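A.B. asks: Here you go, this is protein22.txt (compact mmCIF, C-alpha atoms and all ligand atoms).
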# COMPACT_ATOMS: atom_id res chain seq x y z
CA MET A 68 81.45 117.24 169.78
CA GLY A 69 79.61 115.71 166.86
CA PHE A 70 79.90 112.68 164.67
CA ASN A 71 82.94 112.79 162.50
CA LEU A 72 84.05 110.10 160.11
CA SER A 73 87.22 110.15 158.05
CA PRO A 74 88.94 107.14 156.44
CA ASP A 75 91.20 106.68 159.46
CA LYS A 76 89.35 108.26 162.34
CA ILE A 77 85.85 108.22 163.83
CA THR A 78 84.61 110.48 166.57
CA LEU A 79 81.28 109.52 167.99
CA ARG A 80 79.04 110.31 170.90
CA GLN A 81 80.18 108.27 173.91
CA PRO A 82 78.43 104.89 173.86
CA ASP A 83 76.70 102.89 176.60
CA ASP A 84 76.72 99.14 177.13
CA TRP A 85 73.15 97.87 177.51
CA HIS A 86 74.13 94.43 178.83
CA VAL A 87 77.18 93.62 180.95
CA HIS A 88 78.22 91.19 183.70
CA PHE A 89 80.52 92.68 186.31
CA ARG A 90 80.46 89.70 188.71
CA ASP A 91 81.52 90.42 192.29
CA GLY A 92 84.41 90.21 194.75
CA ALA A 93 87.97 90.25 193.38
CA MET A 94 86.75 89.83 189.81
CA LEU A 95 84.55 92.93 190.06
CA GLY A 96 87.59 95.00 191.03
CA SER A 97 89.32 94.24 187.75
CA VAL A 98 86.53 94.02 185.14
CA VAL A 99 84.70 97.32 185.70
CA ALA A 100 87.59 99.46 184.43
CA PRO A 101 87.62 98.38 180.77
CA THR A 102 83.89 99.05 180.52
CA ALA A 103 84.01 102.37 182.36
CA ARG A 104 86.87 103.69 180.22
CA VAL A 105 84.78 103.47 177.05
CA PHE A 106 81.12 103.37 178.03
CA ARG A 107 79.39 106.12 179.97
CA ARG A 108 76.63 103.87 181.39
CA ALA A 109 75.96 100.17 181.51
CA ILE A 110 73.00 97.97 182.27
CA VAL A 111 74.44 95.64 184.90
CA MET A 112 73.16 92.09 185.03
CA PRO A 113 71.91 90.86 188.41
CA ASN A 114 72.89 87.17 188.21
CA LEU A 115 75.23 87.12 191.19
CA SER A 116 75.16 84.29 193.66
CA PRO A 117 72.79 85.04 195.38
CA PRO A 118 71.12 87.19 192.72
CA ILE A 119 70.00 90.81 193.12
CA THR A 120 66.37 90.47 194.16
CA CYS A 121 65.83 93.45 196.46
CA ILE A 122 66.50 97.18 196.54
CA LYS A 123 69.13 96.95 199.26
CA ALA A 124 71.16 94.33 197.39
CA ALA A 125 71.08 96.49 194.24
CA THR A 126 72.15 99.61 196.12
CA ASN A 127 75.01 97.78 197.82
CA TYR A 128 76.12 96.22 194.55
CA ARG A 129 76.08 99.61 192.83
CA GLU A 130 78.30 100.92 195.61
CA ARG A 131 80.80 98.10 195.12
CA ILE A 132 80.84 98.79 191.38
CA MET A 133 81.49 102.49 191.95
CA GLN A 134 84.47 101.61 194.14
CA ALA A 135 85.93 99.68 191.21
CA VAL A 136 85.60 102.60 188.76
CA PRO A 137 89.02 104.19 188.15
CA GLU A 138 89.49 107.69 189.64
CA GLY A 139 88.18 110.56 187.58
CA ILE A 140 86.15 108.49 185.14
CA PRO A 141 82.46 109.36 185.00
CA PHE A 142 80.49 106.14 184.86
CA THR A 143 76.94 105.24 185.83
CA PRO A 144 75.95 101.64 186.46
CA LEU A 145 72.26 101.05 185.78
CA MET A 146 71.04 98.31 188.07
CA THR A 147 68.59 95.53 187.29
CA ALA A 148 66.40 93.27 189.40
CA TYR A 149 66.54 89.51 188.96
CA LEU A 150 63.05 88.12 188.56
CA THR A 151 62.21 85.03 190.59
CA ASP A 152 58.97 83.14 191.08
CA ASP A 153 58.29 85.12 194.24
CA LEU A 154 59.79 88.59 193.80
CA LEU A 155 56.99 90.96 194.76
CA PRO A 156 55.76 93.41 192.10
CA GLU A 157 55.61 96.11 194.80
CA VAL A 158 59.36 95.78 195.32
CA LEU A 159 59.98 96.20 191.60
CA GLU A 160 57.71 99.20 191.41
CA LYS A 161 59.33 100.92 194.39
CA GLY A 162 62.84 100.16 193.08
CA TYR A 163 61.97 101.52 189.65
CA ARG A 164 60.27 104.66 190.93
CA ASP A 165 63.16 105.35 193.33
CA GLY A 166 65.63 105.10 190.46
CA VAL A 167 67.40 102.03 191.84
CA PHE A 168 66.25 99.54 189.23
CA ALA A 169 66.47 100.62 185.59
CA ALA A 170 64.91 97.34 184.44
CA ALA A 171 64.21 93.76 185.47
CA LYS A 172 65.86 90.69 184.00
CA LEU A 173 64.05 87.48 183.23
CA TYR A 174 66.12 84.32 183.20
CA PRO A 175 64.18 81.16 182.56
CA ALA A 176 65.40 78.92 185.43
CA ASN A 177 68.74 77.24 184.64
CA SER A 178 69.23 78.97 181.28
CA THR A 179 72.76 80.24 181.99
CA THR A 180 75.35 81.22 184.67
CA ASN A 181 73.73 81.63 188.11
CA SER A 182 70.19 81.34 186.84
CA ALA A 183 69.00 78.46 189.04
CA MET A 184 66.73 80.87 190.91
CA GLY A 185 65.21 82.21 187.70
CA VAL A 186 61.58 82.03 186.71
CA SER A 187 60.34 78.44 186.46
CA ASP A 188 56.91 79.28 185.07
CA MET A 189 56.22 82.58 183.31
CA GLY A 190 52.53 82.05 183.95
CA SER A 191 53.11 82.37 187.68
CA ILE A 192 54.51 85.90 187.55
CA TYR A 193 51.93 87.53 185.32
CA SER A 194 51.09 90.09 188.01
CA THR A 195 54.73 91.19 187.78
CA PHE A 196 54.42 91.76 184.03
CA GLU A 197 51.20 93.65 184.64
CA THR A 198 52.97 96.01 187.03
CA MET A 199 55.92 96.50 184.69
CA GLU A 200 53.61 97.28 181.79
CA ARG A 201 51.73 99.81 183.88
CA ILE A 202 54.82 101.67 185.10
CA GLY A 203 56.78 101.37 181.83
CA MET A 204 59.65 99.38 183.37
CA PRO A 205 61.68 97.53 180.73
CA LEU A 206 61.71 93.74 180.87
CA LEU A 207 65.05 92.30 179.73
CA ILE A 208 64.82 88.72 178.59
CA HIS A 209 67.28 85.89 178.25
CA GLY A 210 65.20 84.34 175.49
CA GLU A 211 65.87 80.62 175.59
CA VAL A 212 63.74 77.72 176.70
CA THR A 213 65.51 75.41 179.11
CA ASP A 214 63.70 72.16 178.29
CA LYS A 215 66.21 69.39 177.80
CA ASP A 216 64.13 68.01 174.93
CA VAL A 217 64.70 71.13 172.81
CA ASP A 218 67.95 71.19 170.85
CA ILE A 219 70.32 73.84 172.21
CA PHE A 220 70.52 75.53 168.79
CA ASP A 221 66.73 75.89 168.65
CA ARG A 222 66.12 77.23 172.14
CA GLU A 223 65.88 80.89 171.18
CA ALA A 224 63.45 80.33 168.32
CA VAL A 225 61.29 78.05 170.49
CA PHE A 226 61.28 80.60 173.32
CA ILE A 227 60.00 83.31 171.00
CA GLU A 228 57.19 81.15 169.73
CA ARG A 229 56.26 79.44 172.98
CA HIS A 230 56.70 82.26 175.51
CA LEU A 231 57.44 85.66 174.02
CA GLU A 232 54.60 85.86 171.50
CA PRO A 233 51.91 84.93 174.08
CA LEU A 234 53.46 87.31 176.63
CA LEU A 235 53.32 90.26 174.25
CA LYS A 236 49.76 89.38 173.24
CA SER A 237 48.72 89.55 176.88
CA TYR A 238 50.76 92.70 177.60
CA PRO A 239 50.94 94.73 174.40
CA ASP A 240 52.33 97.78 176.18
CA LEU A 241 55.18 95.95 177.91
CA ARG A 242 58.63 97.30 176.97
CA VAL A 243 60.90 94.37 176.19
CA VAL A 244 64.55 93.96 175.27
CA LEU A 245 65.33 90.55 173.87
CA GLU A 246 68.93 90.28 174.99
CA HIS A 247 71.91 89.03 172.99
CA ILE A 248 69.91 87.73 170.04
CA THR A 249 71.56 85.01 167.98
CA THR A 250 69.16 84.02 165.22
CA GLU A 251 67.47 85.21 162.08
CA HIS A 252 64.15 84.34 163.80
CA ALA A 253 64.86 86.82 166.56
CA VAL A 254 65.89 89.52 164.07
CA GLN A 255 62.68 89.06 162.10
CA PHE A 256 60.55 88.92 165.22
CA VAL A 257 61.97 92.17 166.60
CA GLU A 258 61.73 93.93 163.22
CA ALA A 259 58.10 92.93 162.92
CA SER A 260 57.22 94.09 166.45
CA GLY A 261 56.29 97.61 167.43
CA SER A 262 58.57 100.27 168.89
CA LEU A 263 58.30 98.81 172.42
CA ILE A 264 60.36 95.76 171.47
CA ALA A 265 64.11 95.95 170.94
CA ALA A 266 67.13 93.67 170.98
CA THR A 267 70.77 93.89 171.97
CA ILE A 268 73.46 92.32 169.79
CA THR A 269 76.86 91.25 171.15
CA PRO A 270 80.18 91.70 169.35
CA HIS A 271 80.91 87.97 169.47
CA HIS A 272 77.67 86.95 167.77
CA LEU A 273 78.60 89.34 164.95
CA HIS A 274 82.05 87.76 164.58
CA ILE A 275 81.70 84.04 165.18
CA ASN A 276 79.41 81.25 164.15
CA ARG A 277 79.14 77.92 165.92
CA ASN A 278 82.17 76.47 164.14
CA ALA A 279 84.38 78.68 166.33
CA MET A 280 83.71 76.44 169.33
CA PHE A 281 85.11 73.40 167.52
CA SER A 282 87.88 74.93 165.45
CA GLY A 283 90.91 72.63 165.82
CA GLY A 284 89.63 71.28 169.14
CA LEU A 285 87.15 72.23 171.84
CA ARG A 286 87.44 76.02 172.21
CA SER A 287 85.91 77.08 175.49
CA ASP A 288 86.76 80.75 174.81
CA PHE A 289 83.98 80.81 172.22
CA TYR A 290 81.39 79.08 174.38
CA CYS A 291 78.67 81.43 175.51
CA LEU A 292 74.92 81.34 176.03
CA PRO A 293 72.97 81.62 173.91
CA VAL A 294 75.50 79.68 171.84
CA ALA A 295 76.60 81.04 168.48
CA LYS A 296 74.51 79.62 165.64
CA ARG A 297 74.95 78.83 161.94
CA GLU A 298 76.57 81.28 159.53
CA HIS A 299 73.31 82.52 158.02
CA HIS A 300 72.19 83.62 161.49
CA ARG A 301 75.44 85.53 162.01
CA LEU A 302 74.93 87.29 158.69
CA ALA A 303 71.36 88.21 159.67
CA LEU A 304 72.68 89.71 162.91
CA ARG A 305 75.27 91.74 161.01
CA ARG A 306 72.58 93.09 158.71
CA ALA A 307 70.40 93.95 161.70
CA ALA A 308 73.15 95.70 163.67
CA THR A 309 74.24 97.78 160.70
CA SER A 310 70.71 98.42 159.39
CA GLY A 311 70.22 101.73 161.15
CA LYS A 312 66.98 100.40 162.65
CA PRO A 313 66.45 101.76 166.18
CA CYS A 314 65.24 98.39 167.50
CA PHE A 315 68.81 97.02 167.49
CA PHE A 316 71.45 98.41 169.81
CA LEU A 317 74.73 97.64 171.54
CA GLY A 318 74.93 95.21 174.46
CA THR A 319 78.23 93.38 174.85
CA ASP A 320 77.10 90.65 177.26
CA SER A 321 80.71 90.77 178.41
CA ALA A 322 80.79 87.82 180.81
CA PRO A 323 84.18 87.07 182.40
CA HIS A 324 84.97 83.75 184.02
CA PRO A 325 88.32 82.78 185.52
CA ARG A 326 90.38 80.75 183.10
CA SER A 327 90.14 77.74 185.42
CA SER A 328 86.33 77.80 185.19
CA LYS A 329 86.33 78.15 181.41
CA GLU A 330 88.88 75.41 180.89
CA SER A 331 87.41 72.57 182.87
CA SER A 332 85.46 69.44 182.06
CA CYS A 333 82.28 71.48 182.61
CA GLY A 334 83.40 74.89 181.40
CA CYS A 335 81.35 78.04 182.05
CA ALA A 336 79.52 79.94 179.33
CA GLY A 337 80.56 83.51 178.69
CA ILE A 338 82.88 85.65 176.56
CA PHE A 339 84.83 88.52 178.10
CA SER A 340 84.42 91.16 175.41
CA ALA A 341 84.72 94.35 177.47
CA PRO A 342 88.43 95.16 176.85
CA PHE A 343 88.05 95.67 173.07
CA ALA A 344 84.29 95.79 172.66
CA LEU A 345 83.94 99.06 170.76
CA GLU A 346 86.85 98.11 168.50
CA SER A 347 85.16 94.78 167.85
CA TYR A 348 81.92 96.45 166.77
CA ALA A 349 83.84 98.99 164.68
CA GLU A 350 85.51 96.12 162.82
CA VAL A 351 82.10 94.73 161.85
CA PHE A 352 80.63 98.09 160.82
CA ASP A 353 83.76 98.79 158.80
CA GLN A 354 83.60 95.41 157.03
CA GLU A 355 79.93 96.05 156.24
CA GLY A 356 80.65 99.55 154.92
CA ALA A 357 78.42 101.00 157.64
CA LEU A 358 80.74 103.00 159.90
CA ASP A 359 78.37 105.94 159.49
CA ARG A 360 75.78 103.90 161.42
CA LEU A 361 78.00 102.88 164.31
CA GLU A 362 77.14 105.90 166.43
CA ALA A 363 73.40 105.34 166.28
CA PHE A 364 73.79 101.65 167.21
CA ALA A 365 76.34 102.26 169.97
CA SER A 366 75.26 105.57 171.44
CA GLU A 367 71.73 106.59 170.46
CA PHE A 368 69.19 103.79 170.00
CA GLY A 369 69.82 102.39 173.50
CA PRO A 370 69.17 105.57 175.49
CA ILE A 371 66.22 106.42 173.25
CA PHE A 372 64.64 103.05 174.03
CA TYR A 373 65.29 103.43 177.77
CA GLY A 374 64.05 107.04 177.77
CA LEU A 375 67.41 108.37 178.97
CA PRO A 376 69.36 111.40 177.71
CA LEU A 377 72.04 110.90 175.07
CA ASN A 378 75.59 111.27 176.34
CA SER A 379 77.24 114.57 175.54
CA ASP A 380 80.90 113.47 175.62
CA SER A 381 82.59 111.89 172.64
CA ILE A 382 85.10 109.16 171.99
CA THR A 383 87.55 108.70 169.14
CA LEU A 384 88.69 105.58 167.34
CA LYS A 385 91.64 105.56 164.98
CA ARG A 386 92.47 103.07 162.28
CA HIS A 387 95.43 101.29 163.79
CA LYS A 388 96.11 97.60 163.39
CA HIS A 389 96.89 95.97 166.72
CA VAL A 390 96.98 92.48 168.15
CA VAL A 391 94.76 91.79 171.15
CA PRO A 392 96.82 90.37 174.05
CA ASP A 393 96.20 86.76 175.02
CA THR A 394 95.44 87.65 178.64
CA PHE A 395 93.63 90.60 180.11
CA THR A 396 95.82 92.71 182.35
CA SER A 397 94.42 94.94 185.01
CA SER A 398 95.82 97.38 187.55
CA GLN A 399 94.02 95.27 190.14
CA PRO A 400 95.71 92.03 191.11
CA ILE A 401 94.39 89.00 189.26
CA THR A 402 95.53 85.64 190.54
CA PRO A 403 96.86 83.21 187.93
CA ASP A 404 93.74 81.16 188.54
CA GLN A 405 91.59 84.14 187.60
CA GLY A 406 93.49 84.98 184.39
CA LEU A 407 90.88 86.34 181.99
CA ILE A 408 90.99 85.84 178.26
CA PRO A 409 89.63 88.75 176.24
CA PHE A 410 87.53 88.20 173.14
CA HIS A 411 89.77 88.40 170.02
CA ALA A 412 92.81 87.21 172.01
CA ARG A 413 95.81 86.93 169.64
CA GLU A 414 93.73 88.27 166.72
CA SER A 415 94.28 91.61 165.11
CA LEU A 416 91.74 94.42 165.06
CA SER A 417 91.87 97.45 162.78
CA TRP A 418 90.52 100.17 165.08
CA ARG A 419 91.65 101.43 168.45
CA VAL A 420 89.97 103.73 170.93
CA VAL A 421 92.35 106.65 171.37
CA GLU A 422 90.67 109.29 173.44
CA ASN A 423 87.69 110.31 175.44
CA GLY A 424 86.78 113.93 174.98
ZN ZN B 1 74.23 88.11 179.78
How does the structure come out when it is put into structure tokens?

C.D. replies:
Amino acid sequence: MGFNLSPDKITLRQPDDWHVHFRDGAMLGSVVAPTARVFRRAIVMPNLSPPITCIKAATNYRERIMQAVPEGIPFTPLMTAYLTDDLLPEVLEKGYRDGVFAAAKLYPANSTTNSAMGVSDMGSIYSTFETMERIGMPLLIHGEVTDKDVDIFDREAVFIERHLEPLLKSYPDLRVVLEHITTEHAVQFVEASGSLIAATITPHHLHINRNAMFSGGLRSDFYCLPVAKREHHRLALRRAATSGKPCFFLGTDSAPHPRSSKESSCGCAGIFSAPFALESYAEVFDQEGALDRLEAFASEFGPIFYGLPLNSDSITLKRHKHVVPDTFTSSQPITPDQGLIPFHARESLSWRVVENG
């Protein structure tokens, strides 16, 4: 193997997805495959209903995920614990040391899908942060305040100032991933922090700004949390992702919802990016003239941050213009009600994954 870039073909080390939602039940059966076909490992979000808050729940969930992986495909789900006001630090420590939990996820209560049981007061779980700092367990953060008095477009910047800065002052050795960043503030904050702080960047936040949600009507397919921001933020994210700085790496935040839940009077937040995620990133790196940096972003900076070995297999993308289908099809039955719309539906992309080697 080895990185190989020609005008029409890229071979890179197999990537990992450092932020994905697999859901559960019938949906789980159909959405694991597109991730497992391209990514060797994935950090799996714990916001099920009820959320993953103990070792047994994580082990059982991992089992259900493995059953959904297509035959013969090597794939490792990396499980996370969902922090609540009363999850015991001892449970986290045991889960981490036993290799069940790769990290813990902090959702401020009511920040996004299934986060009602999230942390209501970060001050109340400081002993948890202390434990995580001591054992080196990564803290993954959905970085948005949930106060109704803060404008939705400002919630990430306010979270950083109000909660993240004080947290890192108190726990300077805590390893933190600020997930799915959406703003220039977040980019600057992460760049200015030490090597223990990193951020994931989704494909959709590299492609769309907030206008996408209102283009020709209300477009629920582009509604996600944190919401896409103004154009200058999108451009800052593109510069960050393609910068070659190890603090920024791939995390799709692929978050499927049945079509009926997206297209309702109170539609769910989430973009299902898994089916063409690597192609979507490749498009951005190509447009930015940075295809030579795609491998580091997709396949190296993540495992280095998590202290995991780099994958040894490779994957090849070819330049090949194709139109993304308007509905995701799966070998598993999906009821019409569950029809899933992939990111980039009906748009054309210039690269296509052709082989795993
Ligand atoms: Zn997410």

A.B. asks: Could you please determine the separation between atom CA of Thr78 of chain A and atom CA of Gly356 of chain A in Å, to one decimal place?

C.D. replies: 16.5 Å

A.B. asks: Please return as a short mmCIF file (atom, residue, chain, number, x, y, z; two decimals) with C-alpha atoms, in the coordinates of the input the residues found within 7 Å of ligand ZN 1 (chain B), counting all atoms listed in the file.

C.D. replies:
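part.cif written:
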data_model
loop_
_atom_site.label_atom_id
_atom_site.label_comp_id
_atom_site.auth_asym_id
_atom_site.auth_seq_id
_atom_site.Cartn_x
_atom_site.Cartn_y
_atom_site.Cartn_z
CA HIS A 86 74.13 94.43 178.83
CA VAL A 87 77.18 93.62 180.95
CA HIS A 88 78.22 91.19 183.70
CA MET A 112 73.16 92.09 185.03
CA ASP A 320 77.10 90.65 177.26
CA ALA A 322 80.79 87.82 180.81
#

A.B. asks: Expressed in Å to a single decimal, how great is the separation between atom CA of Ala295 of chain A and atom CA of Ala363 of chain A?

C.D. replies: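 These two atoms are separated by 24.6 Å.
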
A.B. asks: Need the shell around segment 257-266 of chain A: protein/DNA/RNA residues with any atom at most 8 Å away, counting only C-alpha atoms. Skip same-chain ones fewer than 4 positions apart. Format as a list in words?

C.D. replies: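 Everything that qualifies: Asp240, Leu241, Arg242, Val243, Val244, Leu245, Glu246, His247, Ile248, Ala253, Pro313, Cys314, Phe315, Phe316 and Phe372 of chain A.
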
A.B. asks: Just the residues within 12 Å of Leu231 of chain A, please, counting only C-alpha atoms, with nothing from its chain fewer than 5 positions along; format it as a list in words.

C.D. replies: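 These residues fall inside the cut-off: Leu173, Pro175, Met189, Gly190, Leu206, Leu207, Ile208, His209, Gly210, Glu211, Val212, Glu223, Ala224, Val225, Phe226, Lys236, Ser237, Tyr238, Pro239, Leu241, Val243, Val244, Leu245, Ala253, Phe256, Val257, Ser260 and Ile264 of chain A.
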
A.B. asks: Smallest atom-to-atom distance to Lys296 of chain A: which of A:Phe220, A:Phe339, A:Tyr163, A:Tyr348, using all atoms listed in the file?

C.D. replies: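 Distance minimum relative to Lys296 of chain A lands on A:Phe220.
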
A.B. asks: When distances are computed from all atoms listed in the file, which of A:Glu422, A:Asp153, A:Glu200, A:Glu232 shows the smallest separation from Gln81 of chain A?

C.D. replies: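 That would be A:Glu422, the residue with the smallest distance to Gln81 of chain A.
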
A.B. asks: Please give the centre and size of the box around segment 312-325 of chain A (axis-aligned, containing every atom listed in the file, 8 Å added per side), with values in Å to one decimal and written as AutoDock Vina command-line options.

C.D. replies:
--center_x 76.8 --center_y 92.3 --center_z 174.1 --size_x 39.1 --size_y 35.0 --size_z 38.9

A.B. asks: Choose the residue, out of A:Ile132, A:Ala365, A:Thr126, A:Asn114, that has the smallest atom-to-atom separation from Val99 of chain A; count all atoms listed in the file.

C.D. replies: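 Residue with the minimum atom-to-atom distance to Val99 of chain A: A:Ile132.
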
A.B. asks: Find the residue from A:Glu197, A:Asp393, A:Asp84, A:Asp288 that sits nearest to Thr143 of chain A; use all atoms listed in the file when measuring.

C.D. replies: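 Of A:Glu197, A:Asp393, A:Asp84, A:Asp288, the one nearest Thr143 of chain A is A:Asp84, counting all atoms listed in the file.
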
A.B. asks: Could you tell me how far atom CA of Arg297 of chain A lies from atom CA of Arg419 of chain A, in Å and to one decimal?

C.D. replies: 28.8 Å

A.B. asks: Compare A:Ala170, A:Ala135, A:Leu345, A:Ala176 by their minimum atom-to-atom distance to Ser398 of chain A, counting all atoms listed in the file, and give me the closest one.

C.D. replies: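 Checking each of A:Ala170, A:Ala135, A:Leu345, A:Ala176 against Ser398 of chain A, counting all atoms listed in the file, the winner is A:Ala135.
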
A.B. asks: So that each row is one residue of segment 246-279 of chain A with an atom at most 10 Å from segment 410-413 of chain A, can you give its shortest atom pair and the distance in Å to one decimal, using all atoms listed in the file, rows by chain and rising number, as JSON lines?

C.D. replies:
{"residue": "A:Pro270", "atom": "CA", "partner": "A:Phe410", "partner_atom": "CA", "distance": 9.0}
{"residue": "A:His271", "atom": "CA", "partner": "A:Phe410", "partner_atom": "CA", "distance": 7.6}
{"residue": "A:His274", "atom": "CA", "partner": "A:His411", "partner_atom": "CA", "distance": 9.5}
